[in-house]
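Structure record follows, encoded as structure tokens.
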Amino acid sequence: MMANQKKLSSGGVEWSIRVGDGSPPEILVPQETLASRVWLGLKDKIARFVSRVWRFLEKAWNLAVDDPRKVIHCLKVGIALTVVSLFYYMRPLYEGVGGNAMWAVMTVVVVFENTVGATLYKCLNRIVGTSLAGLLAIGVHWVARQSGENLEPLIVGASVFILASAATFSRFIPTIKARFDYGAMIFILTFSLVTVSGYRIDKLFDLAQQRLSTIIIGTSLCILVTTLICPIWAGQELYVMINKNMDKLANSLDGCVSQYFDHGDEKTEKEDKALLGYKCVLNSKGTEDIMANFARWEPAHGRFSFRHPWKQYLKIGASMRSCAYCIEALIGCIKSENQAPEFIKKHLRNTCLIVGSNSSGVIKELAKTIKTMKKSNTIDLLVGEMNSAVQELQNDLKSLSCLSNSDSPPFQEESETPENKKTEKPQKAAATIPLMGVISVVTFASLLIEIVSRTEATVEAVEELSNLAEFELTVSKQNQSNQKDEHTTKNSQMV
């Protein structure tokens, strides 16, 4: 026997079916309609979209908090565009540039960069490229007009082909590409535009003059805004980057050596981050080249003169990267499956730690020299200590052949037989030091010695920078040099 009961619920109507065999009632729920499914899908997509927008806004906020200068740069671009737009909105200014005020707006959009050096690089290249191309275009137009109507298009076409091809080829030359690549591109654009349009326009000189004047207005405004309002100097950025990379390199070297000999100790997240700081040195070459190129265009600012030797920072960066490559190889030794036995590590532990500590101390002293822009009076002493530690490490490496495994676990004794007596000495000699263990620890020690030699190259590069940039002498070093000069003067007088 089966009875049907109709029940009302908050969601709608439910039908409860009770079967006469005593089983619990079965509830039938009405199926969802098409409209409800569409609404649920649309609501889910809206929720996902809002979540993505919120995550994007969080990333943008964190980016602005980490580096507020990026926000300042955006505001500077807005100020420059607002001011230059007045030439388009105000009729006297608009007519003063011949109705070509839009070129000034386009110039601001194209040449305004984050650093002062990058902005100056683009502004000067744009002015020079536009001026040179305009003059050549006017000259070619005059020659073509004097040659007659039949030869005019041929001369114009040939000039565009030759000069555009030559300017494009010049962009492949390394020296021109580094300093004048943008100017060469602007030259091609302006020359082609003025030359081709001059074939149909009679007042070509007025067109070139108006274009040049609007570009000068735009570039001048960009230079004023980027230099006067919270300037970001490319040279200062390069200087800070080199200084930070030196500290990271020294910390990575310290952490690498200590982790190799204390492999069982747990490392904190901060120590692991410091250990991988050498990767910033390896990945900084492109940024260093760009910053050094832009820094050459900047005027004197802060502690840097107009002719500051920015190229020398590239040499210092290259020498640091050579040390970072060795540190990367040391990381490979740490992660290697073939590790040296503990008694071999114990034999070289103290000496390797001293070599690593002295090398990192020299690098930190070099970072201090660059940061204070004063010649160090202890760098020679630190380099001497580093070389002495290397000599001790080399002596310890030579003594590995005489090292016995007395600290290693004893071998199991076997019953003495005539055959065992014959092979006892060769077995002990072969088991004295495992070959793979020797290879591992010798590789690590050899890399430390190589780092020392490359650190000396970094010392030479920093000393050359201090001489070219005329770093100040510290008080003690200045007194020593004065005493040396007085001693030399007395000896000359006695002679």
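Chain labels run A, B, ... following the order of the structure tokens; each chain numbers its residues from 1, and ligands are numbered from 1 in the order shown.
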
>> Report as number ranges by chain all protein, DNA and RNA residues lying within 12 Å of stretch 387-402 of chain A, evaluated on only C-alpha atoms, omitting residues in the same chain fewer than 5 positions from it.
In response: A: 343-359, 362, 380-382, 429-430, 432-435, 437-439, 441-453, 455-456

>> With distances taken over only C-alpha atoms, which residue among A:Thr372, A:Thr130, A:Ser197, A:Ser322 lies nearest A:Val156?
In response: A:Ser197

>> Run DSSP on the backbone and tell me which residues of stretch 175-365 of chain A come out as alpha helix (DSSP H); list them as JSON, numbers by chain.
In response: {"A": [175, 176, 177, 178, 179, 180, 181, 182, 183, 184, 185, 186, 187, 188, 189, 190, 191, 192, 193, 194, 195, 196, 197, 204, 205, 206, 207, 208, 209, 210, 211, 212, 213, 214, 215, 216, 217, 218, 219, 220, 221, 222, 223, 224, 225, 226, 227, 228, 234, 235, 236, 237, 238, 239, 240, 241, 242, 243, 244, 245, 246, 247, 248, 249, 250, 251, 252, 253, 254, 255, 256, 257, 258, 259, 260, 261, 269, 270, 271, 272, 273, 274, 275, 278, 279, 280, 281, 282, 285, 286, 287, 288, 289, 290, 291, 292, 293, 294, 295, 310, 311, 312, 313, 314, 315, 316, 317, 318, 319, 320, 321, 322, 323, 324, 325, 326, 327, 328, 329, 330, 331, 332, 333, 334, 335, 342, 343, 344, 345, 346, 347, 348, 349, 350, 351, 352, 353, 354, 355, 356, 357, 358, 359, 360, 361, 362, 363, 364, 365]}

>> I'd like the neighbourhood of A:Ala292 as a ChimeraX atom specification, where a residue qualifies if any of its atoms comes within 12 Å (using only C-alpha atoms), though same-chain residues fewer than 4 positions away should be ignored.
In response: /A:115,117-118,121,178-179,233-239,241-242,285-288,296-298,308-315,317

Include N, CA and C atoms and write out the residues we just selected as an mmCIF file, in the first residue's frame.
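Writing the result to result-v9.cif gives the following:
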```cif
data_model
loop_
_atom_site.group_PDB
_atom_site.id
_atom_site.type_symbol
_atom_site.label_atom_id
_atom_site.label_comp_id
_atom_site.auth_asym_id
_atom_site.auth_seq_id
_atom_site.Cartn_x
_atom_site.Cartn_y
_atom_site.Cartn_z
ATOM 1 N N THR A 115 64.347 57.183 -15.269
ATOM 2 C CA THR A 115 65.550 57.831 -14.747
ATOM 3 C C THR A 115 65.890 59.072 -15.562
ATOM 4 N N GLY A 117 68.892 59.878 -16.659
ATOM 5 C CA GLY A 117 69.790 59.521 -17.754
ATOM 6 C C GLY A 117 69.056 58.971 -18.957
ATOM 7 N N ALA A 118 68.056 58.122 -18.724
ATOM 8 C CA ALA A 118 67.297 57.556 -19.846
ATOM 9 C C ALA A 118 66.500 58.644 -20.567
ATOM 10 N N TYR A 121 68.949 60.745 -22.557
ATOM 11 C CA TYR A 121 69.413 59.958 -23.713
ATOM 12 C C TYR A 121 68.404 60.049 -24.861
ATOM 13 N N ALA A 178 74.909 51.445 -28.736
ATOM 14 C CA ALA A 178 74.879 51.687 -27.294
ATOM 15 C C ALA A 178 74.446 53.111 -26.965
ATOM 16 N N ARG A 179 74.831 54.082 -27.794
ATOM 17 C CA ARG A 179 74.585 55.486 -27.455
ATOM 18 C C ARG A 179 73.580 56.186 -28.362
ATOM 19 N N TRP A 233 68.287 59.108 -10.459
ATOM 20 C CA TRP A 233 69.507 59.122 -11.249
ATOM 21 C C TRP A 233 69.935 57.692 -11.563
ATOM 22 N N ALA A 234 70.231 57.434 -12.824
ATOM 23 C CA ALA A 234 70.690 56.101 -13.225
ATOM 24 C C ALA A 234 72.036 55.776 -12.590
ATOM 25 N N GLY A 235 72.905 56.781 -12.463
ATOM 26 C CA GLY A 235 74.197 56.550 -11.831
ATOM 27 C C GLY A 235 74.052 56.137 -10.378
ATOM 28 N N GLN A 236 73.151 56.782 -9.662
ATOM 29 C CA GLN A 236 72.900 56.418 -8.266
ATOM 30 C C GLN A 236 72.343 55.003 -8.166
ATOM 31 N N GLU A 237 71.473 54.626 -9.097
ATOM 32 C CA GLU A 237 70.927 53.276 -9.096
ATOM 33 C C GLU A 237 72.022 52.237 -9.333
ATOM 34 N N LEU A 238 72.926 52.513 -10.264
ATOM 35 C CA LEU A 238 74.039 51.594 -10.519
ATOM 36 C C LEU A 238 74.952 51.493 -9.312
ATOM 37 N N TYR A 239 75.231 52.606 -8.687
ATOM 38 C CA TYR A 239 76.093 52.651 -7.506
ATOM 39 C C TYR A 239 75.500 51.818 -6.361
ATOM 40 N N MET A 241 73.262 49.396 -6.644
ATOM 41 C CA MET A 241 73.185 47.996 -7.043
ATOM 42 C C MET A 241 74.512 47.281 -6.834
ATOM 43 N N ILE A 242 75.625 47.918 -7.236
ATOM 44 C CA ILE A 242 76.941 47.306 -7.058
ATOM 45 C C ILE A 242 77.232 47.108 -5.579
ATOM 46 N N LYS A 285 73.752 41.623 -14.958
ATOM 47 C CA LYS A 285 74.601 42.168 -16.023
ATOM 48 C C LYS A 285 73.825 43.098 -16.953
ATOM 49 N N GLY A 286 72.648 42.664 -17.402
ATOM 50 C CA GLY A 286 71.877 43.502 -18.319
ATOM 51 C C GLY A 286 71.484 44.836 -17.700
ATOM 52 N N THR A 287 71.060 44.798 -16.446
ATOM 53 C CA THR A 287 70.678 46.044 -15.771
ATOM 54 C C THR A 287 71.883 46.952 -15.584
ATOM 55 N N GLU A 288 73.032 46.386 -15.251
ATOM 56 C CA GLU A 288 74.244 47.193 -15.077
ATOM 57 C C GLU A 288 74.647 47.879 -16.377
ATOM 58 N N ARG A 296 76.020 57.923 -18.277
ATOM 59 C CA ARG A 296 76.965 58.781 -19.011
ATOM 60 C C ARG A 296 76.312 60.074 -19.479
ATOM 61 N N TRP A 297 74.996 60.064 -19.647
ATOM 62 C CA TRP A 297 74.305 61.247 -20.154
ATOM 63 C C TRP A 297 73.914 62.208 -19.044
ATOM 64 N N GLU A 298 74.062 61.817 -17.806
ATOM 65 C CA GLU A 298 73.579 62.631 -16.706
ATOM 66 C C GLU A 298 74.585 63.705 -16.306
ATOM 67 N N HIS A 308 82.355 61.037 -14.252
ATOM 68 C CA HIS A 308 82.561 59.926 -13.332
ATOM 69 C C HIS A 308 82.783 58.636 -14.127
ATOM 70 N N PRO A 309 83.740 57.802 -13.713
ATOM 71 C CA PRO A 309 84.062 56.579 -14.492
ATOM 72 C C PRO A 309 83.017 55.487 -14.302
ATOM 73 N N TRP A 310 81.875 55.629 -14.956
ATOM 74 C CA TRP A 310 80.820 54.633 -14.819
ATOM 75 C C TRP A 310 81.204 53.300 -15.440
ATOM 76 N N LYS A 311 82.081 53.304 -16.431
ATOM 77 C CA LYS A 311 82.499 52.048 -17.059
ATOM 78 C C LYS A 311 83.212 51.136 -16.070
ATOM 79 N N GLN A 312 83.876 51.729 -15.101
ATOM 80 C CA GLN A 312 84.625 50.925 -14.139
ATOM 81 C C GLN A 312 83.683 50.078 -13.288
ATOM 82 N N TYR A 313 82.462 50.551 -13.083
ATOM 83 C CA TYR A 313 81.498 49.743 -12.324
ATOM 84 C C TYR A 313 81.145 48.460 -13.077
ATOM 85 N N LEU A 314 81.189 48.511 -14.404
ATOM 86 C CA LEU A 314 80.941 47.298 -15.185
ATOM 87 C C LEU A 314 82.062 46.285 -14.988
ATOM 88 N N LYS A 315 83.302 46.753 -14.873
ATOM 89 C CA LYS A 315 84.418 45.840 -14.599
ATOM 90 C C LYS A 315 84.272 45.211 -13.215
ATOM 91 N N GLY A 317 81.459 44.732 -11.627
ATOM 92 C CA GLY A 317 80.363 43.770 -11.728
ATOM 93 C C GLY A 317 80.794 42.481 -12.404
#
```

> Of the candidates A:Lys248, A:Arg307, A:Lys122, A:Arg145, which one gets nearest to A:Gly218 if we count only C-alpha atoms?
Replying inline: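 Among the listed residues, the smallest separation from A:Gly218 belongs to A:Lys122.
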
>> What does the structure give for the distance between atom CA of A:Arg126 and atom CA of A:Ala164, in Å to one decimal?
In response: 16.2 Å
